[in-house]
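S.K.: Structure file target_20.tsv, TSV, C-alpha atoms, is pasted below:
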chain	number	residue	atom	x	y	z
A	1	MET	CA	131.12	121.68	89.09
A	2	THR	CA	127.59	120.48	89.47
A	3	ASP	CA	127.02	118.22	92.42
A	4	THR	CA	125.10	115.48	90.62
A	5	ALA	CA	126.06	111.84	90.74
A	6	PRO	CA	125.89	109.84	87.52
A	7	ARG	CA	122.65	107.94	87.15
A	8	ARG	CA	123.13	104.22	87.43
A	9	ARG	CA	120.60	102.44	85.29
A	10	GLY	CA	121.28	98.87	86.29
A	11	ARG	CA	124.62	97.23	85.86
A	12	PRO	CA	125.32	95.71	82.46
A	13	SER	CA	126.88	92.28	82.18
A	14	ARG	CA	130.66	92.39	82.46
A	15	THR	CA	130.82	90.20	79.37
A	16	GLN	CA	129.16	93.00	77.37
A	17	THR	CA	131.66	95.66	78.41
A	18	ALA	CA	135.31	96.55	78.58
A	19	GLU	CA	135.00	97.94	82.09
A	20	GLY	CA	138.05	98.93	84.07
A	21	PRO	CA	139.22	101.56	86.55
A	22	ASP	CA	139.50	104.20	83.82
A	23	THR	CA	136.24	103.36	82.02
A	24	ARG	CA	134.38	106.51	83.02
A	25	GLU	CA	137.21	108.78	81.88
A	26	ARG	CA	137.57	106.82	78.65
A	27	ILE	CA	133.88	107.34	77.91
A	28	LEU	CA	134.17	111.06	78.66
A	29	ARG	CA	137.17	111.41	76.33
A	30	ALA	CA	135.27	109.62	73.58
A	31	ALA	CA	132.21	111.80	74.22
A	32	ARG	CA	134.21	115.02	73.94
A	33	GLU	CA	135.69	113.89	70.64
A	34	GLU	CA	132.32	112.70	69.32
A	35	PHE	CA	130.53	115.95	70.19
A	36	SER	CA	133.45	117.97	68.83
A	37	GLU	CA	133.61	116.16	65.50
A	38	ARG	CA	129.92	115.47	64.88
A	39	GLY	CA	128.06	118.08	66.93
A	40	TYR	CA	125.33	117.36	69.45
A	41	GLU	CA	122.61	116.30	67.02
A	42	LYS	CA	124.69	113.82	65.03
A	43	ALA	CA	126.55	112.40	68.02
A	44	SER	CA	125.09	109.23	69.50
A	45	VAL	CA	125.52	107.12	72.61
A	46	ARG	CA	126.30	104.18	70.32
A	47	GLY	CA	129.06	106.14	68.59
A	48	ILE	CA	130.52	107.25	71.92
A	49	ALA	CA	130.45	103.68	73.20
A	50	LYS	CA	132.18	102.40	70.06
A	51	ALA	CA	134.92	105.02	70.33
A	52	ALA	CA	135.42	104.18	74.01
A	53	GLY	CA	135.51	100.44	73.33
A	54	VAL	CA	132.52	99.64	75.53
A	55	ASP	CA	128.91	98.57	75.15
A	56	SER	CA	126.23	101.27	74.90
A	57	ALA	CA	124.67	99.91	78.09
A	58	LEU	CA	127.78	100.91	80.01
A	59	VAL	CA	127.52	104.52	78.80
A	60	HIS	CA	123.93	104.60	80.07
A	61	HIS	CA	125.07	102.95	83.28
A	62	TYR	CA	127.56	105.71	84.04
A	63	PHE	CA	125.76	108.75	82.64
A	64	GLY	CA	122.17	108.06	81.57
A	65	THR	CA	120.88	109.87	78.47
A	66	LYS	CA	122.85	111.55	75.69
A	67	GLU	CA	122.04	114.91	77.26
A	68	GLN	CA	123.57	113.75	80.55
A	69	VAL	CA	126.66	112.49	78.74
A	70	PHE	CA	126.96	115.90	77.07
A	71	GLU	CA	126.59	117.69	80.40
A	72	ALA	CA	129.32	115.59	81.99
A	73	ALA	CA	131.60	116.23	79.02
A	74	VAL	CA	130.87	119.97	79.11
A	75	GLU	CA	131.69	120.16	82.81
A	76	VAL	CA	135.14	118.73	82.15
A	77	VAL	CA	135.77	120.99	79.15
A	78	PHE	CA	134.49	124.10	80.89
A	79	ALA	CA	136.19	123.42	84.23
A	80	PRO	CA	138.96	126.03	83.70
A	81	ALA	CA	136.40	128.78	83.03
A	82	LEU	CA	134.45	127.80	86.14
A	83	LYS	CA	137.43	128.88	88.23
A	84	ALA	CA	136.68	132.49	87.23
A	85	PRO	CA	134.71	133.30	90.42
A	86	GLU	CA	137.77	132.48	92.52
A	87	ALA	CA	139.98	134.50	90.17
A	88	ILE	CA	137.85	137.65	90.29
A	89	THR	CA	137.49	137.68	94.09
A	90	GLU	CA	141.25	137.89	94.61
A	91	GLY	CA	141.39	141.67	94.77
A	92	PRO	CA	139.31	144.84	95.18
A	93	LEU	CA	136.08	145.44	93.29
A	94	GLU	CA	137.60	148.28	91.28
A	95	GLY	CA	139.70	145.71	89.39
A	96	VAL	CA	137.07	143.01	88.99
A	97	GLY	CA	136.37	143.83	85.34
A	98	GLU	CA	139.97	143.42	84.29
A	99	ARG	CA	140.42	140.23	86.31
A	100	PHE	CA	137.27	138.69	84.85
A	101	THR	CA	138.23	139.73	81.31
A	102	ARG	CA	141.84	138.61	81.61
A	103	PHE	CA	140.88	135.24	83.08
A	104	LEU	CA	138.35	134.33	80.40
A	105	PHE	CA	140.55	135.49	77.53
A	106	GLY	CA	143.30	133.39	79.08
A	107	VAL	CA	141.03	130.35	78.71
A	108	TRP	CA	140.25	131.22	75.09
A	109	GLU	CA	143.88	131.97	74.19
A	110	ASN	CA	145.10	128.59	75.44
A	111	PRO	CA	144.84	126.09	72.53
A	112	ALA	CA	144.37	123.21	74.98
A	113	THR	CA	141.14	124.74	76.31
A	114	ARG	CA	140.04	126.72	73.23
A	115	THR	CA	139.49	123.75	70.89
A	116	PRO	CA	137.12	121.74	73.10
A	117	LEU	CA	135.42	124.94	74.28
A	118	LEU	CA	134.68	125.91	70.68
A	119	ALA	CA	133.09	122.51	70.12
A	120	VAL	CA	130.85	122.97	73.14
A	121	VAL	CA	129.81	126.49	72.11
A	122	ARG	CA	128.99	125.36	68.58
A	123	SER	CA	126.86	122.52	69.89
A	124	ALA	CA	125.01	124.93	72.19
A	125	MET	CA	124.36	127.31	69.28
A	126	ASN	CA	122.87	124.60	67.08
A	127	ASN	CA	120.80	122.50	69.47
A	128	GLU	CA	118.35	123.52	72.20
A	129	ALA	CA	119.10	120.52	74.42
A	130	ALA	CA	122.81	121.33	74.30
A	131	ALA	CA	122.03	125.03	74.89
A	132	ALA	CA	119.96	124.15	77.97
A	133	VAL	CA	122.89	122.21	79.44
A	134	PHE	CA	125.23	125.10	78.68
A	135	ARG	CA	122.86	127.62	80.31
A	136	ARG	CA	122.52	125.54	83.47
A	137	LEU	CA	126.26	125.25	83.82
A	138	ILE	CA	127.02	128.90	83.06
A	139	THR	CA	124.25	130.27	85.26
A	140	GLY	CA	124.62	127.91	88.20
A	141	GLN	CA	128.37	127.61	88.37
A	142	LEU	CA	129.64	130.94	87.06
A	143	LEU	CA	127.27	133.89	86.82
A	144	ARG	CA	125.48	133.47	90.15
A	145	ARG	CA	128.78	133.27	91.94
A	146	VAL	CA	130.08	136.35	90.16
A	147	ALA	CA	126.84	138.18	90.99
A	148	GLY	CA	127.17	137.16	94.63
A	149	HIS	CA	130.63	138.64	94.75
A	150	VAL	CA	129.83	142.02	93.20
A	151	GLY	CA	126.48	142.37	95.01
A	152	GLY	CA	124.15	145.33	94.66
A	153	PRO	CA	120.85	145.74	92.78
A	154	GLU	CA	120.25	143.53	89.74
A	155	ALA	CA	123.56	141.78	90.34
A	156	GLU	CA	122.64	138.73	88.24
A	157	LEU	CA	121.58	140.90	85.30
A	158	ARG	CA	124.80	142.88	85.52
A	159	ALA	CA	126.85	139.67	85.64
A	160	GLU	CA	125.00	138.36	82.59
A	161	LEU	CA	125.63	141.59	80.69
A	162	ALA	CA	129.32	141.39	81.55
A	163	ALA	CA	129.43	137.77	80.36
A	164	ALA	CA	127.54	138.70	77.17
A	165	GLN	CA	130.17	141.33	76.43
A	166	LEU	CA	132.97	138.78	76.81
A	167	VAL	CA	131.18	135.99	74.93
A	168	GLY	CA	130.33	138.33	72.07
A	169	VAL	CA	133.93	139.42	71.63
A	170	ALA	CA	135.14	135.82	71.93
A	171	MET	CA	132.68	134.64	69.27
A	172	MET	CA	133.78	137.37	66.86
A	173	ARG	CA	137.47	136.66	67.51
A	174	TYR	CA	137.64	132.86	67.79
A	175	VAL	CA	134.56	131.52	65.95
A	176	ILE	CA	133.74	134.05	63.20
A	177	LYS	CA	137.36	135.25	63.09
A	178	LEU	CA	136.46	138.76	62.08
A	179	GLU	CA	139.46	140.89	61.18
A	180	PRO	CA	141.18	142.89	62.53
A	181	LEU	CA	139.76	141.57	65.82
A	182	ALA	CA	140.92	138.01	65.17
A	183	SER	CA	144.55	139.08	64.74
A	184	ALA	CA	144.65	141.86	67.33
A	185	ASP	CA	146.96	141.50	70.31
A	186	VAL	CA	145.02	140.05	73.23
A	187	GLU	CA	146.37	142.71	75.59
A	188	GLN	CA	144.90	145.41	73.37
A	189	ILE	CA	141.54	143.66	73.46
A	190	ILE	CA	141.64	143.28	77.24
A	191	ALA	CA	142.49	146.96	77.65
A	192	ARG	CA	139.45	147.99	75.61
A	193	VAL	CA	136.94	145.42	76.88
A	194	ALA	CA	137.77	145.34	80.60
A	195	PRO	CA	136.43	148.84	81.37
A	196	VAL	CA	133.09	147.92	79.77
A	197	VAL	CA	132.92	144.71	81.82
A	198	GLN	CA	133.79	146.74	84.92
A	199	ARG	CA	130.89	149.15	84.29
A	200	HIS	CA	128.47	146.25	83.87
A	201	LEU	CA	129.60	144.63	87.11
A	202	THR	CA	129.99	147.62	89.39
A	203	GLY	CA	128.70	150.70	87.56
A	204	GLU	CA	132.13	152.32	87.75
So that I can check it, write out the structure of this file as structure tokens.

M.R.:
Amino acid sequence: MTDTAPRRRGRPSRTQTAEGPDTRERILRAAREEFSERGYEKASVRGIAKAAGVDSALVHHYFGTKEQVFEAAVEVVFAPALKAPEAITEGPLEGVGERFTRFLFGVWENPATRTPLLAVVRSAMNNEAAAAVFRRLITGQLLRRVAGHVGGPEAELRAELAAAQLVGVAMMRYVIKLEPLASADVEQIIARVAPVVQRHLTGE
């Protein structure tokens, strides 16, 4: 998770808000739903505030701009995938490709994480501001840590190529739903993709 505190823009009047101990989480839930249903461009701080039952000033108070609200929402949605570095280090390098592949497909196969993750990916595909947030999160919290684990020359490039392999397959399976890939057994997919990911990461 990124180590950035929410920007506090000056405290709104309590009479203008519905502030309580769970206000921040309520805003984040509303933001995830708003971005999921409307996409980044059509979503608005005002709409998020209305869904959360607070004044727009309170959303700015906790998070700042719409881009910062999106980033905070993405961090929560993408948190399971950001555990991948820990997952792939639990074993020898010769199995890193399968562990990385199995972990990320586990995130995609879980309906609880797949639905919000799809919303985030679609927003990143359609809007540059959303894509920039997604890149910062992926690069800073996932790929650099994977690269640090595998080491060697051009480690970051190799980690990015491995991630591109996985993201490409995931897009074809879960977003475009190309058959027979979309209906194939996930274990069959892992068996075919993991060796390619392994070669990207370690050259083996």

S.K.: Determine the nearest neighbour of A:Ile138 from the options A:Ala52, A:Val197, A:Ala164, A:Leu93, counting all atoms listed in the file.

M.R.: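 With all atoms listed in the file as the atom set, the closest residue is A:Ala164.
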
S.K.: For stretch 23-34 of chain A, please output as a PyMOL selection string all residues within 12 Å (counting all atoms listed in the file; exclusion window: fewer than 2 positions along the same chain).

M.R.: chain A and resi 6+17-21+36-63+66-78+115-120+123

S.K.: Kindly give the distance, in Å, that separates atom CA of A:His200 and atom CA of A:Leu161, rounded to a single decimal.

M.R.: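 Going from atom CA of A:His200 over to atom CA of A:Leu161, I get 6.3 Å.
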
S.K.: Do you know which residues are at most 8 Å from stretch 167-184 of chain A counting all atoms listed in the file, after dropping those on the same chain fewer than 3 positions away, and could you put them as a list in words?

M.R.: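 Once the nearby chain positions are removed, what remains is Phe105, Trp108, Leu118, Ala163, Ala164, Gln188 and Ile189 of chain A.
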
S.K.: List the residues sitting within 9 Å of (139.4, 141.8, 84.0) in the file's frame, using all atoms listed in the file, as an MDAnalysis selection string.

M.R.: chainID A and resid 88 95:104 190:191 193:195 197:198
